Amino acid sequence: MDGSACGRNGCTGVIEDGYCNACGLAAPKAATSTARSAISSSSKGMSNTGSSPSSRAVAAGTRRSSRGSSRGSSRSQLGAGLIQLPELPSPEPEKQLLVEPKVPENKRYCANCEAALSRERGFCGKCGRKYSFLPSLKAGDVVAGQYEVKGPMAFGGLGWIYLAFDRTLTRYVVLKGLLNVEDEASATAAVAERKFLASVKHPNIVGIYNFVRHGGEGFIVMEFVNGRSLKQIRKERGPLPVTEAIAYVHRVLGAFAYLHAQGLVYCDFKPDNMMVEGNDIKLIDLGGVRRLDDLGGDIYGTIGYTAPEAGEGPTAVTDLYTIGRTLAVLVTEVQSFAKDNRYSLPDAPNDPVFSKQESLYRALLKATAQNPDDRFQTADEMAEQLLGVLREAAALESGTPRPAASNLFGPDMLALEHRGGIEPLLPSHTHLPVPAIDPSNAALRNLVNATASFDAARRVAALQPAREQHPKSMEILYLLAGALTDAGEYAACAKLLEEAFATDAWDWRVAWYRGRNFIAQGKPAEAIAQFEQTYFDLPGELAAKAGLGLAAEMAGQLATAERMYDLVSRTDNNYASCIFGLARTRAAMANRKGALEALDRIAEGSGLFVAARIEAARFSFQIPKLPPGPDEFAAAGCVLEKLTLQAEHRLRLSHQVLSSALEMVTAGSLKPAPQVKILGYQLEEISLRRGLEKCLRESAHLAPEAEKIALVDEANRVRPRTLY
């Protein structure tokens with residue numbers, strides 16, 4: 001209902017004309033279903049084709065494709081409120097006319113046999129088809145007694161585009177004619193447009209007003225968009241900033257979702273066909289649009305943008321392929337785009353943009369995968385993942401986190417798992433977010449309490465009979481798989497996931513839960529392959545990167561772990577598990593400064609702030625291969641002095657700091673520094689022994705009877721020697 005809140009996780013928008021004015025998605029139903037999106041890509045790393053040998057196709061056959069609801073847009077939300085886009089001046093309409101309207105020779109091809117044509121008009125030397133690339137209208141011509149031609153503005157795949165003035169409604173319009181006026185196939189396409197394009201109504205799609213004839217030629221009368229095409233912007237400025245390019249493409253996906261929901265495909269998308277007007281965009285040039293169920297007629301496309309299978313019949317997925325190719329052109333210098341890279345992308349290490357923007361690169365690999373089943377299946381799916389990539393890129397660009405709740409995953413689990421102890425926070429599969437479930441699922445209504453329990457055995461006991469009662473419920477299957485992992489029943493979990501894979505090999509949750517199961521078993525190498533798959537399936541989801549970081553850390557692949565943990569925590573500092581993981585990883589890399597910087601990302605108001613400060617104190621003096629100096633010990637003591645801790649916890653931590661300092665001083669690996677104080681004691685042997693003795697005796701007062709004697713004996717052992 002218009003005016004109501006969007007209701008999606010993390011979205012603050014309201015519904016306007018059936019669409020959210022922030023996220024752009026259609027008004028949600030009463031309950032949001034769990035997404036079923038997934039594609040295949042490399043399980044070893046980034047591929048330059050976006051495809052890899054995969055057992056998915058063997059197991060599942062043809063992929064099931066579902067059409068999501070169409071997405072809307074708001075003119076105030078280009079860039080989803082995450083970035084500021086440059087303001088583009090609106091040029092005067094008649095200054096956009098071509099001075100010398102000619103079709104370049106390299107764009108002259110026979111529409112019948114695709115042979116290159118050197119002249120502007122004549123007969124094809126290969127097939128004999130008559131052709132003409134000359135504009136048929138000139139300034140001053142009046143079409144249909146209403147539209148006064150001002151002159152040609154551009155030429156496209158299907159025809160010349162003229163600027164005209166509507167004398168009746170006193171507004172500028174665009175007349176789109178035929179590039180080759182002798183081409184009967186193009187004429188047929190133009191007539192087909194008249195039949196259904198006038199009903200296309202979307203704020204980000206150019207409006208079709210009328211279809212008129214002038215002499216023996218037909219023209220579509222379209223809305224005049226007073227802006228600049230992405231092709232013009234790209235040509236003038238070179239590769240666009242990643243955030244800006246993603247913002248434009250993310251916006252246009254709403255228009256594609258609308259077209260696909262109407263049973264239409266655009267076919268020939270490229271930078272030429274999107275205009276930036278004011279603070280919004282318009283999809284223009286609907287000349288190649290056709291119905292999804294149209295089995296005949298010509299198919300239009302552009303080399304370098306068109307999917308390899310588009311000639312067999314365009315689909316929503318082939319449209320999304322062209323969008324991915326367009327985004328690649330906007331952000332980077334793709335060499336041989338129509339030749340060597342006609343159906344591939346450059347390797348990431350060889351491209352400065354792709355090497356820095358890994359999530360964007362993976363999103364492009366998915367969008368342009370060779371196998372159509374491996375790509376994004378709906379415009380909404382692609383838009384959601386690109387929004388995540390945009391959020392990530394904006395955070396990295398600005399240095400300010402851009403947190404938002406995910407529609408596919410719950411929150412980071414470390415805060416819920418942590419019990420307030422002072423032990424080091426070690427990597428665990430239980431810290432990973434849990435995939436979201438559909439709360440309206442009737443099979444789950446009576447399981448809410450059981451599934452929320454921390455007791456894994458209890459969850460298994462509740463879910464197993466539910467699984468038997470609802471054998472087709474994938475929600476229950478995945479919940480049970482997660483519970484079995486937590487209960488240590490790894491083989492049973494693996495068996496369930498094989499069943500899920502056989503049902504839908506493209507469900508990203510299969511790889512996710514497999515990775516989680518491998519982590520729990522202490523098999524990080526196997527987990528890496530699964531989380532790599534999840535990352536390709538969901539390039540905009542932070543959870544996928546968190547899983548990969550965790551597996552890489554446990555496997556000793558510290559560079560990968562650091563990269564993933566840093567990426568996640570810089571985008572969303574609510575991912576505490578990644579912040580602690582980043583600190584651990586940097587400590588393992590002998591980077592004390594980096595480890596402490598990572599822990600500073602835990603906000604003071606966080607429930608894990610004290611845990612982060614304790615880890616900071618510990619890393620100040622306890623990092624393998626990086627012995628601490630006087631300043632590090634002093635910093636550790638300073639951190640502990642500022643914390644409000646239970647007496648027992650404070651004494652234990654103080655014991656760790658003082659005993660470490662004493663051990664190094666007595667061993668001669670740390671020179672005494674009486675001017676430096678640690679927890680009020682000078683950094684020299686006598687003072688440290690006094691401090692440690694006091695700490696142990698106070699601990700003995702608080703300890704159970706069985707431990708008191710040992711603590712007192714230890715205090716007597718470390719106390720400084722005296723004459724009395």
# chains A, B, ... in the order shown; residues from 1 in each chain; ligands from 1

$ residues_around --residues "stretch 208-213 of chain A" --least-positions-apart "3" --cutoff "7 Å" --atoms "only C-alpha atoms" --output "list of chain:residue names"
A:Ala144, A:Arg194, A:Leu197, A:Ala198, A:Gly216, A:Glu217, A:Gly218, A:Phe219, A:Ile220, A:Val221, A:Met222, A:Glu223

$ write_last_selection --atoms "C-alpha atoms" --output "compact mmCIF listing (two decimals), in the first residue's frame"
# COMPACT_ATOMS: atom_id res chain seq x y z
CA ALA A 144 2.06 13.18 -39.75
CA ARG A 194 3.58 -0.32 -32.48
CA LEU A 197 5.30 -0.96 -26.70
CA ALA A 198 2.82 1.83 -26.12
CA GLY A 216 6.62 4.83 -47.25
CA GLU A 217 8.45 4.79 -43.94
CA GLY A 218 7.28 4.22 -40.39
CA PHE A 219 8.39 6.05 -37.26
CA ILE A 220 8.00 5.46 -33.56
CA VAL A 221 7.28 8.64 -31.60
CA MET A 222 9.04 8.48 -28.23
CA GLU A 223 9.61 10.59 -25.16

$ residues_around --residues "stretch 558-568 of chain A" --least-positions-apart "5" --cutoff "8 Å" --atoms "only C-alpha atoms" --output "VMD selection string"
chain A and resid 392 542 545 to 546 548 to 553 573 575 578 to 579 581 to 582 585 to 586 588 to 589

$ write_last_selection --atoms "N, CA and C atoms" --output "PDB file, in the first residue's frame"
ATOM      1  N   GLU A 392      29.431  -2.381  -0.454  1.00  0.00           N
ATOM      2  CA  GLU A 392      30.818  -2.721  -0.126  1.00  0.00           C
ATOM      3  C   GLU A 392      31.785  -1.709  -0.752  1.00  0.00           C
ATOM      4  N   LEU A 542      27.854 -10.434   2.440  1.00  0.00           N
ATOM      5  CA  LEU A 542      29.008 -10.452   3.325  1.00  0.00           C
ATOM      6  C   LEU A 542      29.196 -11.812   3.977  1.00  0.00           C
ATOM      7  N   LYS A 545      31.640 -14.066   2.217  1.00  0.00           N
ATOM      8  CA  LYS A 545      33.036 -13.699   2.429  1.00  0.00           C
ATOM      9  C   LYS A 545      33.481 -14.068   3.837  1.00  0.00           C
ATOM     10  N   ALA A 546      32.561 -13.945   4.804  1.00  0.00           N
ATOM     11  CA  ALA A 546      32.887 -14.327   6.178  1.00  0.00           C
ATOM     12  C   ALA A 546      33.201 -15.813   6.252  1.00  0.00           C
ATOM     13  N   LEU A 548      34.294 -17.737   3.785  1.00  0.00           N
ATOM     14  CA  LEU A 548      35.562 -17.986   3.100  1.00  0.00           C
ATOM     15  C   LEU A 548      36.733 -17.552   3.972  1.00  0.00           C
ATOM     16  N   GLY A 549      36.592 -16.420   4.655  1.00  0.00           N
ATOM     17  CA  GLY A 549      37.652 -15.953   5.542  1.00  0.00           C
ATOM     18  C   GLY A 549      37.914 -16.929   6.671  1.00  0.00           C
ATOM     19  N   LEU A 550      36.838 -17.446   7.263  1.00  0.00           N
ATOM     20  CA  LEU A 550      36.974 -18.398   8.358  1.00  0.00           C
ATOM     21  C   LEU A 550      37.693 -19.669   7.894  1.00  0.00           C
ATOM     22  N   ALA A 551      37.273 -20.211   6.760  1.00  0.00           N
ATOM     23  CA  ALA A 551      37.903 -21.427   6.247  1.00  0.00           C
ATOM     24  C   ALA A 551      39.369 -21.180   5.902  1.00  0.00           C
ATOM     25  N   ALA A 552      39.647 -20.036   5.294  1.00  0.00           N
ATOM     26  CA  ALA A 552      41.030 -19.725   4.917  1.00  0.00           C
ATOM     27  C   ALA A 552      41.913 -19.566   6.151  1.00  0.00           C
ATOM     28  N   GLU A 553      41.398 -18.928   7.189  1.00  0.00           N
ATOM     29  CA  GLU A 553      42.177 -18.782   8.426  1.00  0.00           C
ATOM     30  C   GLU A 553      42.532 -20.148   9.006  1.00  0.00           C
ATOM     31  N   ASN A 573      30.646  -3.156  10.387  1.00  0.00           N
ATOM     32  CA  ASN A 573      31.384  -3.416  11.620  1.00  0.00           C
ATOM     33  C   ASN A 573      30.546  -4.148  12.656  1.00  0.00           C
ATOM     34  N   TYR A 575      29.816  -7.224  12.009  1.00  0.00           N
ATOM     35  CA  TYR A 575      30.352  -8.572  11.843  1.00  0.00           C
ATOM     36  C   TYR A 575      31.545  -8.742  12.788  1.00  0.00           C
ATOM     37  N   CYS A 578      34.291 -11.392  12.176  1.00  0.00           N
ATOM     38  CA  CYS A 578      35.308 -11.061  11.175  1.00  0.00           C
ATOM     39  C   CYS A 578      36.337 -10.088  11.737  1.00  0.00           C
ATOM     40  N   ILE A 579      35.928  -9.227  12.658  1.00  0.00           N
ATOM     41  CA  ILE A 579      36.878  -8.308  13.278  1.00  0.00           C
ATOM     42  C   ILE A 579      37.863  -9.092  14.142  1.00  0.00           C
ATOM     43  N   GLY A 581      38.473 -12.252  13.791  1.00  0.00           N
ATOM     44  CA  GLY A 581      39.231 -13.077  12.865  1.00  0.00           C
ATOM     45  C   GLY A 581      40.345 -12.300  12.201  1.00  0.00           C
ATOM     46  N   LEU A 582      40.073 -11.044  11.848  1.00  0.00           N
ATOM     47  CA  LEU A 582      41.094 -10.191  11.234  1.00  0.00           C
ATOM     48  C   LEU A 582      42.239  -9.959  12.209  1.00  0.00           C
ATOM     49  N   THR A 585      44.271 -13.148  12.488  1.00  0.00           N
ATOM     50  CA  THR A 585      45.037 -13.390  11.267  1.00  0.00           C
ATOM     51  C   THR A 585      46.252 -12.475  11.198  1.00  0.00           C
ATOM     52  N   ARG A 586      46.048 -11.209  11.503  1.00  0.00           N
ATOM     53  CA  ARG A 586      47.176 -10.276  11.464  1.00  0.00           C
ATOM     54  C   ARG A 586      48.198 -10.611  12.542  1.00  0.00           C
ATOM     55  N   ALA A 588      48.825 -13.601  13.566  1.00  0.00           N
ATOM     56  CA  ALA A 588      49.545 -14.761  13.031  1.00  0.00           C
ATOM     57  C   ALA A 588      50.540 -14.348  11.958  1.00  0.00           C
ATOM     58  N   MET A 589      50.311 -13.197  11.343  1.00  0.00           N
ATOM     59  CA  MET A 589      51.222 -12.673  10.325  1.00  0.00           C
ATOM     60  C   MET A 589      52.252 -11.727  10.937  1.00  0.00           C
TER      61      MET A 589
END

$ select_by_dssp --residues "stretch 329-543 of chain A" --states "alpha helix (DSSP H)" --output "ChimeraX atom specification"
/A:329-331,352-356,358-367,379-398,414-417,448-451,456-469,474-486,490-503,508-520,524-537,542-543

$ residues_around --residues "A:Asn591" --least-positions-apart "4" --cutoff "12 Å" --atoms "only C-alpha atoms" --output "PyMOL selection string"
chain A and resi 558+562+582-587+595-598+619-620+622-628

$ write_last_selection --atoms "N, CA and C atoms" --output "mmCIF file, in the first residue's frame"
data_model
loop_
_atom_site.group_PDB
_atom_site.id
_atom_site.type_symbol
_atom_site.label_atom_id
_atom_site.label_comp_id
_atom_site.auth_asym_id
_atom_site.auth_seq_id
_atom_site.Cartn_x
_atom_site.Cartn_y
_atom_site.Cartn_z
ATOM 1 N N LEU A 558 46.534 -17.267 5.192
ATOM 2 C CA LEU A 558 46.339 -16.036 5.952
ATOM 3 C C LEU A 558 46.058 -14.822 5.064
ATOM 4 N N GLU A 562 42.813 -12.642 5.667
ATOM 5 C CA GLU A 562 42.893 -11.221 5.993
ATOM 6 C C GLU A 562 42.064 -10.397 5.016
ATOM 7 N N LEU A 582 40.073 -11.044 11.848
ATOM 8 C CA LEU A 582 41.094 -10.191 11.234
ATOM 9 C C LEU A 582 42.239 -9.959 12.209
ATOM 10 N N ALA A 583 41.906 -9.704 13.475
ATOM 11 C CA ALA A 583 42.953 -9.493 14.477
ATOM 12 C C ALA A 583 43.794 -10.754 14.657
ATOM 13 N N ARG A 584 43.137 -11.915 14.735
ATOM 14 C CA ARG A 584 43.889 -13.174 14.868
ATOM 15 C C ARG A 584 44.806 -13.403 13.678
ATOM 16 N N THR A 585 44.271 -13.148 12.488
ATOM 17 C CA THR A 585 45.037 -13.390 11.267
ATOM 18 C C THR A 585 46.252 -12.475 11.198
ATOM 19 N N ARG A 586 46.048 -11.209 11.503
ATOM 20 C CA ARG A 586 47.176 -10.276 11.464
ATOM 21 C C ARG A 586 48.198 -10.611 12.542
ATOM 22 N N ALA A 587 47.723 -11.061 13.690
ATOM 23 C CA ALA A 587 48.657 -11.477 14.736
ATOM 24 C C ALA A 587 49.488 -12.663 14.250
ATOM 25 N N ALA A 595 46.693 -5.899 13.975
ATOM 26 C CA ALA A 595 45.764 -6.636 14.835
ATOM 27 C C ALA A 595 45.044 -5.687 15.785
ATOM 28 N N LEU A 596 45.787 -4.755 16.375
ATOM 29 C CA LEU A 596 45.171 -3.807 17.306
ATOM 30 C C LEU A 596 44.236 -2.850 16.570
ATOM 31 N N GLU A 597 44.610 -2.457 15.347
ATOM 32 C CA GLU A 597 43.721 -1.588 14.550
ATOM 33 C C GLU A 597 42.405 -2.286 14.263
ATOM 34 N N ALA A 598 42.473 -3.582 13.978
ATOM 35 C CA ALA A 598 41.250 -4.335 13.695
ATOM 36 C C ALA A 598 40.325 -4.330 14.898
ATOM 37 N N PHE A 619 47.122 -9.263 22.626
ATOM 38 C CA PHE A 619 47.957 -9.147 21.429
ATOM 39 C C PHE A 619 49.085 -8.131 21.610
ATOM 40 N N SER A 620 48.977 -7.269 22.603
ATOM 41 C CA SER A 620 50.045 -6.305 22.848
ATOM 42 C C SER A 620 51.331 -6.988 23.270
ATOM 43 N N GLN A 622 51.450 -10.822 23.414
ATOM 44 C CA GLN A 622 51.457 -12.240 23.055
ATOM 45 C C GLN A 622 51.225 -12.432 21.559
ATOM 46 N N ILE A 623 52.263 -12.275 20.784
ATOM 47 C CA ILE A 623 52.195 -12.565 19.347
ATOM 48 C C ILE A 623 53.421 -13.389 18.984
ATOM 49 N N PRO A 624 53.221 -14.608 18.508
ATOM 50 C CA PRO A 624 54.366 -15.447 18.141
ATOM 51 C C PRO A 624 55.255 -14.744 17.112
ATOM 52 N N LYS A 625 56.546 -14.950 17.235
ATOM 53 C CA LYS A 625 57.548 -14.403 16.308
ATOM 54 C C LYS A 625 57.651 -12.881 16.379
ATOM 55 N N LEU A 626 56.990 -12.265 17.378
ATOM 56 C CA LEU A 626 57.063 -10.811 17.502
ATOM 57 C C LEU A 626 57.159 -10.463 18.990
ATOM 58 N N PRO A 627 58.344 -10.600 19.576
ATOM 59 C CA PRO A 627 58.504 -10.358 21.012
ATOM 60 C C PRO A 627 58.115 -8.927 21.381
ATOM 61 N N PRO A 628 57.450 -8.752 22.533
ATOM 62 C CA PRO A 628 57.054 -7.406 22.951
ATOM 63 C C PRO A 628 58.211 -6.652 23.589
#

$ decode --residues "stretch 508-576 of chain A" --atoms "C-alpha atoms" --output "CSV table (one decimal), in the first residue's frame"
chain,number,residue,atom,x,y,z
A,508,TRP,CA,23.3,-21.8,-2.7
A,509,ARG,CA,22.4,-23.2,0.7
A,510,VAL,CA,23.9,-26.6,-0.3
A,511,ALA,CA,27.4,-25.2,-0.6
A,512,TRP,CA,26.9,-23.0,2.5
A,513,TYR,CA,25.9,-25.8,4.8
A,514,ARG,CA,28.5,-28.1,3.3
A,515,GLY,CA,31.2,-25.5,4.1
A,516,ARG,CA,29.9,-25.1,7.6
A,517,ASN,CA,29.9,-28.9,8.1
A,518,PHE,CA,33.5,-29.1,6.9
A,519,ILE,CA,34.6,-26.3,9.2
A,520,ALA,CA,33.1,-28.1,12.2
A,521,GLN,CA,35.0,-31.3,11.2
A,522,GLY,CA,38.2,-29.5,11.1
A,523,LYS,CA,38.5,-29.8,7.3
A,524,PRO,CA,39.1,-26.2,6.2
A,525,ALA,CA,40.5,-27.1,2.8
A,526,GLU,CA,37.2,-28.8,1.8
A,527,ALA,CA,35.3,-25.9,3.3
A,528,ILE,CA,37.2,-23.3,1.2
A,529,ALA,CA,35.9,-24.9,-2.0
A,530,GLN,CA,32.3,-24.7,-0.7
A,531,PHE,CA,32.5,-21.1,0.4
A,532,GLU,CA,34.2,-20.1,-2.8
A,533,GLN,CA,31.1,-21.5,-4.5
A,534,THR,CA,28.9,-19.5,-2.2
A,535,TYR,CA,30.9,-16.3,-2.9
A,536,PHE,CA,30.4,-16.8,-6.6
A,537,ASP,CA,26.7,-17.6,-6.1
A,538,LEU,CA,26.2,-14.5,-3.8
A,539,PRO,CA,28.9,-12.0,-4.6
A,540,GLY,CA,27.1,-9.2,-2.8
A,541,GLU,CA,26.6,-11.1,0.5
A,542,LEU,CA,29.0,-10.5,3.3
A,543,ALA,CA,28.2,-13.8,4.9
A,544,ALA,CA,29.8,-15.6,1.9
A,545,LYS,CA,33.0,-13.7,2.4
A,546,ALA,CA,32.9,-14.3,6.2
A,547,GLY,CA,32.7,-18.1,5.5
A,548,LEU,CA,35.6,-18.0,3.1
A,549,GLY,CA,37.7,-16.0,5.5
A,550,LEU,CA,37.0,-18.4,8.4
A,551,ALA,CA,37.9,-21.4,6.2
A,552,ALA,CA,41.0,-19.7,4.9
A,553,GLU,CA,42.2,-18.8,8.4
A,554,MET,CA,41.8,-22.3,9.7
A,555,ALA,CA,43.6,-23.6,6.6
A,556,GLY,CA,46.5,-21.3,7.2
A,557,GLN,CA,45.8,-19.2,4.0
A,558,LEU,CA,46.3,-16.0,6.0
A,559,ALA,CA,46.4,-13.6,3.0
A,560,THR,CA,43.0,-14.7,1.8
A,561,ALA,CA,41.6,-14.7,5.4
A,562,GLU,CA,42.9,-11.2,6.0
A,563,ARG,CA,41.4,-10.0,2.7
A,564,MET,CA,38.0,-11.4,3.4
A,565,TYR,CA,37.8,-10.4,7.0
A,566,ASP,CA,39.0,-6.9,6.2
A,567,LEU,CA,36.4,-6.5,3.4
A,568,VAL,CA,33.5,-7.7,5.6
A,569,SER,CA,34.4,-5.7,8.7
A,570,ARG,CA,35.1,-2.5,6.7
A,571,THR,CA,31.7,-2.8,5.1
A,572,ASP,CA,29.7,-3.8,8.2
A,573,ASN,CA,31.4,-3.4,11.6
A,574,ASN,CA,28.6,-5.5,13.2
A,575,TYR,CA,30.4,-8.6,11.8
A,576,ALA,CA,32.3,-9.0,15.1
